[in-house]
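Visitor: This is the structure I have questions about; it appears just below.
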Amino acid sequence: TATSGTGPGTVTIISPPSYGSLILTDLMISARKVTNGEVSLQYTDGTNSIEIFGADTSTNPVRIAIPFQGRWQGWRDARLDLVVTNAVPYTVSIGYIKTLDSLPFSEWDEFR
């Protein structure tokens, strides 16, 4: 899936199936240089949030591409949100698998 925009705000990129989770396979993010700007990608279920990528756009534009290896998986009902501060133009592309195999946050947190 892919999305682009000009912040600020929070955008839900992907939501898991009910009682399921997301496995990330690929991640590409680009954002322009904007003073006092930030972009942050996080797993969140509305109660617990874990940042998996964050960048300050004040001094440089952001360009990142990651083909994940292994099992980069979130916990039960954790969606993937992009949080943008200031008016940062951004583009995000994510490869993912939706699965019913999932752990509650407390168990997931013990493994990391």
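In the structure tokens, each chain is lettered A, B, ... as it comes, each chain's residues begin at 1, and ligands are numbered from 1 in order of appearance.
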Write out as a ChimeraX atom specification each polymer residue whose atoms come within 8 Å of region 49-66 of chain A, counting only C-alpha atoms; drop sequence neighbours fewer than 3 positions from it.
Guide: /A:26-46,88
Visitor: Going by DSSP on the backbone, which bits of region 11-89 of chain A are strand (DSSP E or B)? Write them as a PyMOL selection string, please.
Guide: chain A and resi 11-14+21-31+38-44+49-56+62-73+79-85+89
Visitor: Name all residues at most 9 Å from Ser4 (chain A) (count only C-alpha atoms; drop same-chain ones fewer than 5 positions away) and give them as a VMD selection string.
Guide: chain A and resid 89 to 93
Visitor: Just write the chosen residues, N, CA and C atoms, as a PDB file, in the first residue's frame.
Guide:
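Everything below was put into part.pdb:
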```pdb
ATOM      1  N   PRO A  89       5.834  17.417   3.229  1.00  0.00           N
ATOM      2  CA  PRO A  89       5.371  16.558   2.141  1.00  0.00           C
ATOM      3  C   PRO A  89       6.047  15.189   2.249  1.00  0.00           C
ATOM      4  N   TYR A  90       5.269  14.111   2.195  1.00  0.00           N
ATOM      5  CA  TYR A  90       5.804  12.772   2.404  1.00  0.00           C
ATOM      6  C   TYR A  90       5.169  11.774   1.448  1.00  0.00           C
ATOM      7  N   THR A  91       5.865  10.659   1.252  1.00  0.00           N
ATOM      8  CA  THR A  91       5.345   9.499   0.537  1.00  0.00           C
ATOM      9  C   THR A  91       5.786   8.259   1.294  1.00  0.00           C
ATOM     10  N   VAL A  92       4.862   7.332   1.515  1.00  0.00           N
ATOM     11  CA  VAL A  92       5.161   6.086   2.219  1.00  0.00           C
ATOM     12  C   VAL A  92       4.618   4.923   1.396  1.00  0.00           C
ATOM     13  N   SER A  93       5.462   3.916   1.188  1.00  0.00           N
ATOM     14  CA  SER A  93       5.037   2.664   0.545  1.00  0.00           C
ATOM     15  C   SER A  93       5.428   1.521   1.468  1.00  0.00           C
TER      16      SER A  93
END
```
Visitor: Check chain A with DSSP on the backbone and list each residue it calls helix (DSSP H, G or I), as a ChimeraX atom specification.
Guide: /A:105-111
Visitor: Tell me which protein, DNA and RNA residues are within 12 Å of Pro16 (chain A), counting only C-alpha atoms, leaving out same-chain ones fewer than 3 positions away, and put them as a PyMOL selection string.
Guide: chain A and resi 12-13+19-24+43-45+73-81+96-102
Visitor: For the selection just defined, write its residues with C-alpha atoms to a file, as a PDB file, in the first residue's frame.
Guide:
```
ATOM      1  CA  THR A  12      -3.410   5.130   9.473  1.00  0.00           C
ATOM      2  CA  ILE A  13      -1.449   3.335   6.772  1.00  0.00           C
ATOM      3  CA  TYR A  19      -7.687 -10.075  16.461  1.00  0.00           C
ATOM      4  CA  GLY A  20      -4.893 -10.342  13.858  1.00  0.00           C
ATOM      5  CA  SER A  21      -1.602  -8.600  13.227  1.00  0.00           C
ATOM      6  CA  LEU A  22       0.593  -7.170  10.480  1.00  0.00           C
ATOM      7  CA  ILE A  23       3.908  -8.493   9.202  1.00  0.00           C
ATOM      8  CA  LEU A  24       6.012  -5.885   7.383  1.00  0.00           C
ATOM      9  CA  TYR A  43       2.720   0.323  15.563  1.00  0.00           C
ATOM     10  CA  THR A  44      -0.204   1.277  17.808  1.00  0.00           C
ATOM     11  CA  ASP A  45      -3.365  -0.298  19.146  1.00  0.00           C
ATOM     12  CA  GLN A  73       5.461  -8.436  13.131  1.00  0.00           C
ATOM     13  CA  GLY A  74       3.269  -6.299  15.358  1.00  0.00           C
ATOM     14  CA  TRP A  75       0.982  -7.431  18.148  1.00  0.00           C
ATOM     15  CA  ARG A  76      -2.746  -8.197  18.133  1.00  0.00           C
ATOM     16  CA  ASP A  77      -4.855  -5.349  16.681  1.00  0.00           C
ATOM     17  CA  ALA A  78      -1.828  -3.031  16.216  1.00  0.00           C
ATOM     18  CA  ARG A  79      -2.205  -0.837  13.159  1.00  0.00           C
ATOM     19  CA  LEU A  80       0.549   1.106  11.414  1.00  0.00           C
ATOM     20  CA  ASP A  81       0.296   4.912  11.758  1.00  0.00           C
ATOM     21  CA  TYR A  96       2.844  -6.254   4.349  1.00  0.00           C
ATOM     22  CA  ILE A  97       1.012  -9.465   5.145  1.00  0.00           C
ATOM     23  CA  LYS A  98      -2.148  -9.571   7.246  1.00  0.00           C
ATOM     24  CA  THR A  99      -2.295 -12.611   9.532  1.00  0.00           C
ATOM     25  CA  LEU A 100      -4.550 -14.046  12.222  1.00  0.00           C
ATOM     26  CA  ASP A 101      -1.426 -15.274  14.042  1.00  0.00           C
ATOM     27  CA  SER A 102      -0.919 -12.694  16.804  1.00  0.00           C
TER      28      SER A 102
END
```
Visitor: As an exercise, work out the distance from CA of Gly5 (chain A) to CA of Ile94 (chain A) in Å and give it to one decimal place.
Guide: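 Atom-to-atom, CA of Gly5 (chain A) and CA of Ile94 (chain A) are spaced 15.1 Å apart.
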